[in-house]
Every structure is written in structure tokens, then in C-alpha cells.
>>> print(open('protein-v4.pdb').read())   # PDB, C-alpha atoms
ATOM      1  CA  MET B   1     270.691  93.291 203.103
ATOM      2  CA  ALA B   2     273.477  95.600 201.968
ATOM      3  CA  ASP B   3     271.012  97.513 199.780
ATOM      4  CA  ASP B   4     268.726  98.037 202.759
ATOM      5  CA  VAL B   5     271.589  99.354 204.859
ATOM      6  CA  GLY B   6     272.661 101.724 202.062
ATOM      7  CA  SER B   7     269.164 103.108 201.610
ATOM      8  CA  VAL B   8     268.816 103.659 205.357
ATOM      9  CA  SER B   9     272.149 105.523 205.409
ATOM     10  CA  THR B  10     271.046 107.714 202.505
ATOM     11  CA  VAL B  11     267.794 108.630 204.238
ATOM     12  CA  THR B  12     269.652 109.359 207.477
ATOM     13  CA  ARG B  13     272.046 111.737 205.718
ATOM     14  CA  GLU B  14     269.181 113.573 204.001
ATOM     15  CA  ARG B  15     267.361 114.009 207.308
ATOM     16  CA  ALA B  16     270.530 115.240 208.994
ATOM     17  CA  ARG B  17     271.058 117.787 206.235
ATOM     18  CA  ASP B  18     267.524 119.168 206.637
ATOM     19  CA  ALA B  19     267.526 118.992 210.415
ATOM     20  CA  GLY B  20     268.552 122.654 210.916
ATOM     21  CA  PRO B  21     270.536 123.093 214.149
ATOM     22  CA  SER B  22     271.238 119.345 214.392
ATOM     23  CA  ALA B  23     272.826 119.251 210.958
ATOM     24  CA  GLY B  24     276.578 119.212 210.418
ATOM     25  CA  PRO B  25     278.607 122.377 209.630
ATOM     26  CA  SER B  26     278.948 121.580 205.938
ATOM     27  CA  ASP B  27     275.194 120.936 205.605
ATOM     28  CA  ARG B  28     274.381 124.244 207.321
ATOM     29  CA  ARG B  29     276.705 126.092 204.955
ATOM     30  CA  LEU B  30     274.924 124.514 201.978
ATOM     31  CA  THR B  31     271.564 125.565 203.435
ATOM     32  CA  ARG B  32     272.738 129.174 203.873
ATOM     33  CA  ARG B  33     273.931 129.291 200.267
ATOM     34  CA  ARG B  34     270.562 128.158 199.004
ATOM     35  CA  LEU B  35     268.628 130.761 201.007
ATOM     36  CA  GLY B  36     268.385 134.224 199.471
ATOM     37  CA  LEU B  37     268.888 137.497 201.340
ATOM     38  CA  GLY B  38     265.159 138.020 201.802
ATOM     39  CA  GLN B  39     264.708 134.499 203.133
ATOM     40  CA  ARG B  40     267.585 134.866 205.596
ATOM     41  CA  MET B  41     266.199 138.205 206.812
ATOM     42  CA  TRP B  42     262.773 136.657 207.290
ATOM     43  CA  ARG B  43     264.285 133.751 209.184
ATOM     44  CA  GLU B  44     266.077 136.199 211.517
ATOM     45  CA  ARG B  45     263.203 138.712 211.509
ATOM     46  CA  TRP B  46     263.066 139.043 215.299
ATOM     47  CA  MET B  47     266.728 139.953 215.484
ATOM     48  CA  TYR B  48     266.242 142.602 212.800
ATOM     49  CA  THR B  49     263.217 143.902 214.714
ATOM     50  CA  PHE B  50     265.455 144.698 217.700
ATOM     51  CA  ILE B  51     267.863 146.565 215.403
ATOM     52  CA  VAL B  52     265.161 148.804 213.874
ATOM     53  CA  PRO B  53     264.933 151.395 216.723
ATOM     54  CA  GLY B  54     268.687 151.993 216.672
ATOM     55  CA  VAL B  55     268.761 152.266 212.880
ATOM     56  CA  LEU B  56     265.855 154.721 212.899
ATOM     57  CA  PHE B  57     267.608 156.851 215.527
ATOM     58  CA  PHE B  58     270.740 157.231 213.396
ATOM     59  CA  VAL B  59     268.769 157.766 210.196
ATOM     60  CA  ILE B  60     266.507 160.463 211.676
ATOM     61  CA  PHE B  61     268.992 162.320 213.859
ATOM     62  CA  HIS B  62     272.308 161.754 212.059
ATOM     63  CA  TYR B  63     271.840 160.988 208.366
ATOM     64  CA  LEU B  64     268.784 163.012 207.363
ATOM     65  CA  PRO B  65     270.206 166.225 208.906
ATOM     66  CA  LEU B  66     273.218 165.845 206.593
ATOM     67  CA  GLY B  67     271.017 167.408 203.914
ATOM     68  CA  GLY B  68     271.402 170.690 205.792
ATOM     69  CA  ILE B  69     275.028 170.882 204.644
ATOM     70  CA  VAL B  70     273.771 172.924 201.686
ATOM     71  CA  ILE B  71     273.318 175.854 204.103
ATOM     72  CA  ALA B  72     277.097 176.245 204.148
ATOM     73  CA  PHE B  73     276.946 177.206 200.464
ATOM     74  CA  GLN B  74     273.930 179.510 200.697
ATOM     75  CA  ASP B  75     272.924 182.870 202.093
ATOM     76  CA  TYR B  76     270.348 180.911 204.008
ATOM     77  CA  SER B  77     267.140 182.331 205.425
ATOM     78  CA  PRO B  78     264.710 180.129 207.398
ATOM     79  CA  PHE B  79     261.841 182.071 205.864
ATOM     80  CA  LEU B  80     262.937 181.253 202.300
ATOM     81  CA  GLY B  81     264.054 177.675 202.917
ATOM     82  CA  PHE B  82     266.645 175.693 200.971
ATOM     83  CA  ALA B  83     265.028 176.298 197.596
ATOM     84  CA  GLY B  84     264.509 180.052 198.015
ATOM     85  CA  SER B  85     267.863 180.951 199.558
ATOM     86  CA  THR B  86     270.613 182.361 197.351
ATOM     87  CA  TRP B  87     273.592 180.177 196.473
ATOM     88  CA  VAL B  88     276.894 181.895 197.332
ATOM     89  CA  GLY B  89     279.372 179.085 196.694
ATOM     90  CA  MET B  90     282.472 179.260 198.907
ATOM     91  CA  GLU B  91     281.754 182.775 200.193
ATOM     92  CA  ASN B  92     280.876 181.581 203.692
ATOM     93  CA  PHE B  93     284.174 179.703 203.964
ATOM     94  CA  THR B  94     286.089 182.765 202.724
ATOM     95  CA  ARG B  95     284.434 184.903 205.388
ATOM     96  CA  LEU B  96     285.203 182.265 207.983
ATOM     97  CA  VAL B  97     288.905 182.138 207.126
ATOM     98  CA  GLY B  98     289.134 185.923 207.409
ATOM     99  CA  ASP B  99     287.299 186.036 210.746
ATOM    100  CA  VAL B 100     289.658 186.701 213.683
ATOM    101  CA  GLU B 101     287.157 185.298 216.193
ATOM    102  CA  PHE B 102     287.075 182.010 214.272
ATOM    103  CA  TRP B 103     290.826 181.473 214.661
ATOM    104  CA  THR B 104     290.647 182.348 218.349
ATOM    105  CA  THR B 105     287.882 179.785 218.612
ATOM    106  CA  VAL B 106     289.964 177.132 216.828
ATOM    107  CA  SER B 107     292.925 177.868 219.120
ATOM    108  CA  ASN B 108     290.789 177.509 222.264
ATOM    109  CA  THR B 109     289.257 174.288 220.948
ATOM    110  CA  LEU B 110     292.620 172.693 220.143
ATOM    111  CA  VAL B 111     294.148 173.674 223.499
ATOM    112  CA  ILE B 112     291.199 172.304 225.483
ATOM    113  CA  SER B 113     291.056 169.141 223.373
ATOM    114  CA  GLY B 114     294.800 168.632 223.773
ATOM    115  CA  LEU B 115     294.556 168.939 227.549
ATOM    116  CA  GLN B 116     291.713 166.430 227.622
ATOM    117  CA  ILE B 117     293.619 163.920 225.470
ATOM    118  CA  VAL B 118     296.792 164.254 227.556
ATOM    119  CA  PHE B 119     295.151 164.217 231.006
ATOM    120  CA  ALA B 120     291.510 163.091 230.793
ATOM    121  CA  PHE B 121     292.001 160.216 228.345
ATOM    122  CA  PRO B 122     294.632 158.265 230.353
ATOM    123  CA  ALA B 123     292.939 158.933 233.710
ATOM    124  CA  PRO B 124     290.490 155.971 233.462
ATOM    125  CA  ILE B 125     293.352 153.697 232.421
ATOM    126  CA  LEU B 126     295.414 154.644 235.479
ATOM    127  CA  LEU B 127     292.415 154.269 237.793
ATOM    128  CA  ALA B 128     291.538 150.867 236.303
ATOM    129  CA  LEU B 129     295.121 149.665 236.815
ATOM    130  CA  LEU B 130     295.099 150.976 240.380
ATOM    131  CA  LEU B 131     291.791 149.351 241.281
ATOM    132  CA  ASN B 132     292.793 146.105 239.577
ATOM    133  CA  SER B 133     295.812 145.895 241.889
ATOM    134  CA  LEU B 134     293.618 145.976 245.016
ATOM    135  CA  LEU B 135     293.296 142.647 246.769
ATOM    136  CA  SER B 136     289.890 143.347 248.338
ATOM    137  CA  GLU B 137     287.038 142.928 245.860
ATOM    138  CA  ARG B 138     284.711 144.748 248.243
ATOM    139  CA  VAL B 139     286.901 147.868 248.348
ATOM    140  CA  LYS B 140     287.386 147.708 244.597
ATOM    141  CA  ARG B 141     283.643 147.640 243.889
ATOM    142  CA  MET B 142     282.929 150.391 246.419
ATOM    143  CA  VAL B 143     285.516 152.754 244.899
ATOM    144  CA  GLN B 144     284.335 151.935 241.395
ATOM    145  CA  SER B 145     280.723 152.727 242.306
ATOM    146  CA  ILE B 146     281.680 156.044 243.922
ATOM    147  CA  VAL B 147     283.703 157.307 240.958
ATOM    148  CA  TYR B 148     281.021 156.097 238.525
ATOM    149  CA  LEU B 149     278.177 158.118 240.103
ATOM    150  CA  PRO B 150     279.141 161.575 238.674
ATOM    151  CA  HIS B 151     278.621 160.239 235.145
ATOM    152  CA  PHE B 152     274.855 160.289 235.745
ATOM    153  CA  ILE B 153     274.829 163.910 236.952
ATOM    154  CA  SER B 154     273.966 166.582 234.383
ATOM    155  CA  TRP B 155     276.444 169.336 233.608
ATOM    156  CA  VAL B 156     274.112 171.894 235.179
ATOM    157  CA  ILE B 157     274.434 170.189 238.553
ATOM    158  CA  VAL B 158     278.171 169.540 238.082
ATOM    159  CA  ILE B 159     278.881 173.216 237.428
ATOM    160  CA  SER B 160     276.700 174.193 240.399
ATOM    161  CA  ILE B 161     278.667 171.861 242.692
ATOM    162  CA  TRP B 162     281.994 173.181 241.482
ATOM    163  CA  GLN B 163     280.733 176.751 241.854
ATOM    164  CA  GLN B 164     279.803 176.099 245.467
ATOM    165  CA  VAL B 165     283.244 174.652 246.199
ATOM    166  CA  LEU B 166     285.591 176.761 244.048
ATOM    167  CA  GLY B 167     283.525 179.937 243.617
ATOM    168  CA  GLY B 168     284.197 183.279 245.292
ATOM    169  CA  ALA B 169     282.006 182.346 248.271
ATOM    170  CA  GLY B 170     283.190 178.740 248.503
ATOM    171  CA  PRO B 171     285.397 177.050 251.118
ATOM    172  CA  VAL B 172     288.463 177.016 248.845
ATOM    173  CA  ALA B 173     288.299 180.809 248.395
ATOM    174  CA  ASP B 174     287.862 181.262 252.173
ATOM    175  CA  LEU B 175     290.884 179.036 252.864
ATOM    176  CA  ILE B 176     293.074 180.968 250.423
ATOM    177  CA  ALA B 177     291.928 184.256 251.963
ATOM    178  CA  GLN B 178     292.763 183.018 255.489
ATOM    179  CA  LEU B 179     296.228 182.008 254.304
ATOM    180  CA  GLY B 180     296.804 185.556 253.051
ATOM    181  CA  GLY B 181     296.261 184.931 249.370
ATOM    182  CA  GLY B 182     293.423 187.397 248.963
ATOM    183  CA  GLN B 183     289.913 186.768 247.726
ATOM    184  CA  VAL B 184     289.878 184.590 244.593
ATOM    185  CA  ASN B 185     287.199 183.054 242.407
ATOM    186  CA  LEU B 186     288.656 180.089 240.545
ATOM    187  CA  MET B 187     285.429 179.580 238.596
ATOM    188  CA  ALA B 188     285.748 183.055 237.056
ATOM    189  CA  SER B 189     289.452 182.929 236.230
ATOM    190  CA  ALA B 190     290.170 182.983 232.492
ATOM    191  CA  GLU B 191     293.797 181.925 233.109
ATOM    192  CA  THR B 192     292.891 178.643 234.800
ATOM    193  CA  PHE B 193     289.641 178.001 232.930
ATOM    194  CA  LYS B 194     291.019 175.377 230.524
ATOM    195  CA  ILE B 195     292.669 173.412 233.326
ATOM    196  CA  LEU B 196     289.481 173.661 235.370
ATOM    197  CA  LEU B 197     287.476 172.423 232.396
ATOM    198  CA  THR B 198     289.716 169.364 232.036
ATOM    199  CA  SER B 199     289.453 168.632 235.763
ATOM    200  CA  GLN B 200     285.665 168.663 235.524
ATOM    201  CA  VAL B 201     285.742 166.177 232.647
ATOM    202  CA  ILE B 202     288.028 163.849 234.626
ATOM    203  CA  TRP B 203     285.857 164.066 237.737
ATOM    204  CA  LYS B 204     282.652 163.397 235.832
ATOM    205  CA  ASP B 205     283.666 160.695 233.348
ATOM    206  CA  ILE B 206     286.593 158.823 234.873
ATOM    207  CA  GLY B 207     284.282 156.169 236.305
ATOM    208  CA  TRP B 208     282.635 155.482 232.946
ATOM    209  CA  GLY B 209     285.975 154.934 231.226
ATOM    210  CA  THR B 210     287.181 152.731 234.066
ATOM    211  CA  ILE B 211     284.380 150.238 233.405
ATOM    212  CA  ILE B 212     285.477 149.869 229.779
ATOM    213  CA  PHE B 213     289.106 149.203 230.736
ATOM    214  CA  PHE B 214     288.054 146.869 233.544
ATOM    215  CA  ALA B 215     286.258 144.760 230.941
ATOM    216  CA  ALA B 216     289.412 144.699 228.807
ATOM    217  CA  ILE B 217     291.555 143.694 231.796
ATOM    218  CA  SER B 218     289.158 140.900 232.772
ATOM    219  CA  ALA B 219     289.598 139.365 229.299
ATOM    220  CA  ILE B 220     293.323 138.795 229.926
ATOM    221  CA  PRO B 221     293.962 135.126 230.914
ATOM    222  CA  THR B 222     294.888 134.780 234.583
ATOM    223  CA  GLU B 223     297.426 132.091 233.645
ATOM    224  CA  LEU B 224     299.694 134.817 232.291
ATOM    225  CA  TYR B 225     299.786 136.578 235.653
ATOM    226  CA  GLU B 226     300.363 133.289 237.487
ATOM    227  CA  SER B 227     303.226 132.340 235.196
ATOM    228  CA  ALA B 228     304.811 135.778 235.537
ATOM    229  CA  ALA B 229     304.499 135.669 239.334
ATOM    230  CA  ALA B 230     306.045 132.189 239.386
ATOM    231  CA  ASP B 231     308.985 133.546 237.384
ATOM    232  CA  GLY B 232     309.512 136.279 239.967
ATOM    233  CA  ALA B 233     307.930 139.230 238.144
ATOM    234  CA  GLY B 234     306.687 141.977 240.441
ATOM    235  CA  SER B 235     303.379 143.817 240.182
ATOM    236  CA  LEU B 236     304.822 146.645 238.076
ATOM    237  CA  ARG B 237     306.411 144.225 235.615
ATOM    238  CA  ARG B 238     303.151 142.285 235.328
ATOM    239  CA  ILE B 239     301.312 145.514 234.577
ATOM    240  CA  TRP B 240     303.907 146.617 232.005
ATOM    241  CA  HIS B 241     304.354 143.292 230.196
ATOM    242  CA  ILE B 242     300.871 141.727 230.546
ATOM    243  CA  THR B 243     298.125 144.214 231.440
ATOM    244  CA  LEU B 244     299.107 147.116 229.196
ATOM    245  CA  PRO B 245     299.695 144.968 226.064
ATOM    246  CA  GLY B 246     296.418 143.170 226.818
ATOM    247  CA  ILE B 247     294.339 146.366 226.848
ATOM    248  CA  LEU B 248     296.299 148.088 224.065
ATOM    249  CA  PRO B 249     293.711 147.280 221.317
ATOM    250  CA  VAL B 250     290.953 148.907 223.387
ATOM    251  CA  VAL B 251     293.149 151.939 224.128
ATOM    252  CA  VAL B 252     293.961 152.383 220.433
ATOM    253  CA  LEU B 253     290.305 152.044 219.437
ATOM    254  CA  LEU B 254     289.120 154.635 221.974
ATOM    255  CA  LEU B 255     291.983 156.977 221.067
ATOM    256  CA  ILE B 256     291.006 156.848 217.385
ATOM    257  CA  LEU B 257     287.398 157.663 218.279
ATOM    258  CA  ARG B 258     288.578 160.483 220.546
ATOM    259  CA  LEU B 259     290.644 161.999 217.738
ATOM    260  CA  GLY B 260     287.479 162.086 215.639
ATOM    261  CA  ASP B 261     285.957 164.376 218.283
ATOM    262  CA  VAL B 262     289.058 166.524 218.660
ATOM    263  CA  LEU B 263     287.073 169.660 217.706
ATOM    264  CA  SER B 264     284.174 168.797 220.048
ATOM    265  CA  VAL B 265     285.007 169.647 223.652
ATOM    266  CA  GLY B 266     281.655 169.856 225.409
ATOM    267  CA  PHE B 267     279.040 172.378 224.349
ATOM    268  CA  GLU B 268     276.847 172.440 227.460
ATOM    269  CA  GLN B 269     279.756 172.441 229.896
ATOM    270  CA  ILE B 270     281.402 175.450 228.251
ATOM    271  CA  LEU B 271     278.161 177.322 227.543
ATOM    272  CA  LEU B 272     277.292 177.307 231.249
ATOM    273  CA  GLN B 273     280.654 178.787 232.260
ATOM    274  CA  GLN B 274     281.319 181.166 229.373
ATOM    275  CA  PRO B 275     279.619 184.196 230.993
ATOM    276  CA  SER B 276     281.956 183.909 234.014
ATOM    277  CA  VAL B 277     285.281 183.731 232.170
ATOM    278  CA  GLY B 278     284.529 185.614 228.962
ATOM    279  CA  VAL B 279     284.297 184.780 225.288
ATOM    280  CA  ALA B 280     288.041 185.117 224.645
ATOM    281  CA  ALA B 281     288.852 182.174 226.936
ATOM    282  CA  ALA B 282     285.741 180.035 226.505
ATOM    283  CA  GLN B 283     284.658 180.368 222.879
ATOM    284  CA  VAL B 284     284.978 177.001 221.092
ATOM    285  CA  LEU B 285     283.668 175.789 217.758
ATOM    286  CA  ASP B 286     280.412 174.429 219.159
ATOM    287  CA  THR B 287     279.552 177.668 220.943
ATOM    288  CA  PHE B 288     280.738 179.679 217.913
ATOM    289  CA  VAL B 289     278.262 177.818 215.691
ATOM    290  CA  TYR B 290     275.498 178.357 218.241
ATOM    291  CA  PHE B 291     276.028 182.088 218.807
ATOM    292  CA  ARG B 292     276.872 183.054 215.221
ATOM    293  CA  GLY B 293     274.506 180.670 213.455
ATOM    294  CA  VAL B 294     271.485 180.099 215.694
ATOM    295  CA  GLN B 295     271.413 183.247 217.831
ATOM    296  CA  GLY B 296     273.092 185.625 215.404
ATOM    297  CA  GLY B 297     271.133 184.448 212.376
ATOM    298  CA  ASP B 298     274.265 183.960 210.229
ATOM    299  CA  TRP B 299     273.274 180.422 209.315
ATOM    300  CA  GLY B 300     275.698 180.111 206.410
ATOM    301  CA  ILE B 301     278.874 180.824 208.374
ATOM    302  CA  GLY B 302     277.672 178.659 211.264
ATOM    303  CA  ALA B 303     277.031 175.736 208.914
ATOM    304  CA  ALA B 304     280.427 176.285 207.264
ATOM    305  CA  ALA B 305     282.181 176.078 210.647
ATOM    306  CA  GLY B 306     280.251 172.923 211.506
ATOM    307  CA  LEU B 307     281.104 171.350 208.148
ATOM    308  CA  ILE B 308     284.814 172.080 208.627
ATOM    309  CA  LYS B 309     284.650 170.456 212.059
ATOM    310  CA  GLY B 310     283.025 167.335 210.615
ATOM    311  CA  VAL B 311     285.495 167.049 207.741
ATOM    312  CA  VAL B 312     288.506 167.452 210.048
ATOM    313  CA  GLY B 313     287.139 164.816 212.426
ATOM    314  CA  THR B 314     286.547 162.354 209.585
ATOM    315  CA  VAL B 315     290.047 162.871 208.164
ATOM    316  CA  LEU B 316     291.630 162.395 211.593
ATOM    317  CA  ILE B 317     289.754 159.125 212.145
ATOM    318  CA  ILE B 318     290.836 157.776 208.746
ATOM    319  CA  VAL B 319     294.473 158.811 209.243
ATOM    320  CA  ALA B 320     294.613 157.478 212.819
ATOM    321  CA  ASN B 321     293.063 154.190 211.692
ATOM    322  CA  LEU B 322     295.665 153.812 208.917
ATOM    323  CA  VAL B 323     298.520 154.632 211.307
ATOM    324  CA  ALA B 324     297.211 152.095 213.832
ATOM    325  CA  LYS B 325     297.101 149.362 211.192
ATOM    326  CA  ARG B 326     300.537 150.275 209.824
ATOM    327  CA  THR B 327     302.009 149.970 213.324
ATOM    328  CA  GLY B 328     300.510 146.511 213.824
ATOM    329  CA  ASN B 329     297.541 147.496 215.996
ATOM    330  CA  GLU B 330     293.868 146.879 215.410
ATOM    331  CA  GLY B 331     291.945 149.832 214.027
ATOM    332  CA  LEU B 332     288.251 150.498 213.668
ATOM    333  CA  ILE B 333     287.799 148.199 210.664
TER     334      ILE B 333
END
>>> encode(input="protein-v4.pdb", output="C-alpha cells")
Amino acid sequence: MADDVGSVSTVTRERARDAGPSAGPSDRRLTRRRLGLGQRMWRERWMYTFIVPGVLFFVIFHYLPLGGIVIAFQDYSPFLGFAGSTWVGMENFTRLVGDVEFWTTVSNTLVISGLQIVFAFPAPILLALLLNSLLSERVKRMVQSIVYLPHFISWVIVISIWQQVLGGAGPVADLIAQLGGGQVNLMASAETFKILLTSQVIWKDIGWGTIIFFAAISAIPTELYESAAADGAGSLRRIWHITLPGILPVVVLLLILRLGDVLSVGFEQILLQQPSVGVAAAQVLDTFVYFRGVQGGDWGIGAAAGLIKGVVGTVLIIVANLVAKRTGNEGLI
């Protein structure tokens, strides 16, 4: 009788081990070890199928074009191609360093990027905190939907709207003229262009960023707020001691990614407004590469400027990630 019971138990354990999802954790780990990489990929083939379009997008539009970096070291001609163009080594970079327009471009880019980091980056955080403090869910959702709509509008339409409002024939210019300030055109002012540019970014993208921080806030346990309220903490103290520390990992992650794009400040947005304010105020690295490389035919110096921008962005991401980890925060990896 005991032998029969033992044999039944042995068979039961073997079936449980081979039962797949119904097997125990240790049995599933043994099964995974036995399966090779090809077998595991075949088993999860439908999941990998969904990943393929995204992988192909990055391979075709991000990784394959990296081969064009060689243009930065050539006197490139589209008619001769990579193989027929003359290699010039670091000559393009030497010309770039000695180009006065390049340094003006770098200065404009850094100023605009700095304004966007200081003002545009925290704007969604402040709006998310403000909306989260509202008691009415209906009002909260309505405001969130309204501020989210501009994200779907193209820059062509955004600039047209701002031109109609702030342009020389707009209501703002008429109001200033009636108050005795003279006729002004804020959209054509080189002095206020960088501030105007930052305001446009805030108006267009604040709703998109708010959704990300709303998701981070919703992940904070409500018990923390209830305990703090029971202890007599006001709304500001709850925000400072619970909400902000709770969303800090997301803030750090997005800030690291933003630093990687510190030399990218919006090509289409600036290109549309550059004729109104002039090259001296609105020339940034992206437009410099376009006008000097694509339109001007100086492909080598355009590629060199683009390569410098990519290298600087990569270094900033690595450094910011290391600093975040050294200070006890979560980085990218």
C-alpha cells in the first residue's frame, strides 16, 4: 500500500512539473533553464511579433542613418557619394570652430534651452500639483482636457494663432496702441523672441507633461495622505513631504532625457519664425545644419555640427545619469 502511494505521489509531481502555468515556481524555473534562447523566442513569438514594427522603425530611421557620420570627415558631394568624396579628416571641425556664426548659433541654442528647462520643464509639474488639489473630479478632467488639446496642433497652426493674437494687427498690439504704447509687433521682436518661444512651448506641451505627472501622483498610496491629514499636516505640507518625493524618480528621469536634448530646441517652430526676427536671434544648431548643410550644400560642416550636437547630448545623459545615481536617485538604467 505504501509503495502504491509513493508511486502515485511521484507521478503527481512529474505531472505538476510539466503542467506549464499550473506548475510551481521552482519547476517553472527549471523549465526555463532547459529551454534555449531560440525555443523561448518561439514560445513567445507573438509577443516578439508586436515588437518588430518598433524595432524596424528605430533601425531604419535611427541606426542605419548613423552611417552618414562619415560625411563629417569628407568633402562630401551627393553626386560622388561616400566612396567618391574626398576625405579631409578634421578639417570640417576646424572650420566649424573658427566660424563666428556657429558660436552665435551655440549661444542662442543654450539660452533657449536654458529658458525651456527653467520655465517649460517645471510647468507641467506645477499644473499637475494644482489640478491634483482640486476636489471636483469633473473640473479636474475638464481643465486637463483643455490644456491637453494644443499638443495635437501642428506648429504651423500654433504660430498662425500666436501671429493673429500677438502680431502687428492683433488685439494685443491694438490694446497697447490705445494705451499710448505705440504700434508693436511682439512676433517680430528679436529682444523678446526667446521668451516668446518658451511661452509657446509651455502653451503647447504643458498638457502632455501633466498626464505623465498625474500618472506618477496616482501611484502614491492614499494611506500616506490620510495619515498625514490625521496628524494635522496641511495641503502644502502633504505636497512637500509626500507628493514631491513620490514623483521625484519620474522628474529625475525626464530631466535626464531633457538634458540629452539640450542642443535641440525645436526645428520647425524656430524655422517658421526666423524670417520675422532675423538670423542673429533665431539661428540654432538645427537650423544651422539645415541652411548650411542642406540648402547651402556644405554637407561636411553641417554633418560636423550635427555630430557635435549628438556627442554633447550623449555625454550629458551619461553624466546626469551618474550624478542621479550618486545622489541616491534612480537613473535611466
>>> closest_residue(input="protein-v4.pdb", among="B:Ala169, B:Leu96, B:Val88, B:Thr198", to="Val184 (chain B)", atoms="only C-alpha atoms")
B:Ala169
>>> residues_near_point(input="protein-v4.pdb", point="(282.5, 177.3, 201.5)", cutoff="9 Å", atoms="only C-alpha atoms", output="NGL selection string")
:B and (72-74 or 88-96 or 300-301 or 304)
>>> atom_distance(input="protein-v4.pdb", atom1="CA of Glu137 (chain B)", atom2="CA of Leu255 (chain B)")
28.9 Å
>>> atom_distance(input="protein-v4.pdb", atom1="CA of Gly306 (chain B)", atom2="CA of Leu66 (chain B)")
11.1 Å
>>> closest_residue(input="protein-v4.pdb", among="B:Thr287, B:Asn321, B:Ser85, B:Thr109", to="Lys194 (chain B)", atoms="all atoms listed in the file")
B:Thr109
>>> closest_residue(input="protein-v4.pdb", among="B:Ala173, B:Ile217, B:Leu285, B:Ile318", to="Ala305 (chain B)", atoms="only C-alpha atoms")
B:Leu285
>>> residues_around(input="protein-v4.pdb", residues="Pro245 (chain B)", least_positions_apart="6", cutoff="10 Å", atoms="all atoms listed in the file", output="list of chain:residue names")
B:Ile220, B:Ile239, B:Val251
>>> write_last_selection(input="protein-v4.pdb", atoms="C-alpha atoms", output="PDB file, in the coordinates of the input")
ATOM      1  CA  ILE B 220     293.323 138.795 229.926  1.00  0.00           C
ATOM      2  CA  ILE B 239     301.312 145.514 234.577  1.00  0.00           C
ATOM      3  CA  VAL B 251     293.149 151.939 224.128  1.00  0.00           C
TER       4      VAL B 251
END
>>> resolve_selection(input="protein-v4.pdb", expression="the PyMOL selection byres ((chain B and resi 263) around 8)", output="JSON, numbers by chain")
{"B": [109, 110, 113, 260, 261, 262, 264, 265, 285, 309, 313]}
>>> resolve_selection(input="protein-v4.pdb", expression="the PyMOL selection byres ((chain B and resi 213) around 10)", output="PyMOL selection string")
chain B and resi 124-129+208-212+214-219+247-248+250-251
>>> closest_residue(input="protein-v4.pdb", among="B:Pro249, B:Gly278, B:Pro150, B:Gly167", to="Thr327 (chain B)", atoms="all atoms listed in the file")
B:Pro249
>>> axis_aligned_box(input="protein-v4.pdb", around="region 132-146 of chain B", padding_each_side="5 Å", output="lines of an AutoDock Vina configuration file")
center_x = 288.3
center_y = 149.3
center_z = 244.0
size_x = 25.1
size_y = 23.4
size_z = 18.8
>>> residues_around(input="protein-v4.pdb", residues="region 323-325 of chain B", least_positions_apart="4", cutoff="9 Å", atoms="all atoms listed in the file", output="list in words")
Val252, Leu253, Ile256, Ile318, Val319, Asn329, Glu330 and Gly331 of chain B
>>> atom_distance(input="protein-v4.pdb", atom1="CA of Asn132 (chain B)", atom2="CA of Gly328 (chain B)")
26.9 Å
>>> closest_residue(input="protein-v4.pdb", among="B:Leu64, B:Ile157, B:Leu259, B:Leu236", to="Leu130 (chain B)", atoms="only C-alpha atoms")
B:Leu236
>>> resolve_selection(input="protein-v4.pdb", expression="the PyMOL selection byres ((chain B and resi 187) around 8)", output="count of residues only")
14
>>> closest_residue(input="protein-v4.pdb", among="B:Leu272, B:Leu224, B:Ile206, B:Ala123", to="Ser154 (chain B)", atoms="all atoms listed in the file")
B:Leu272
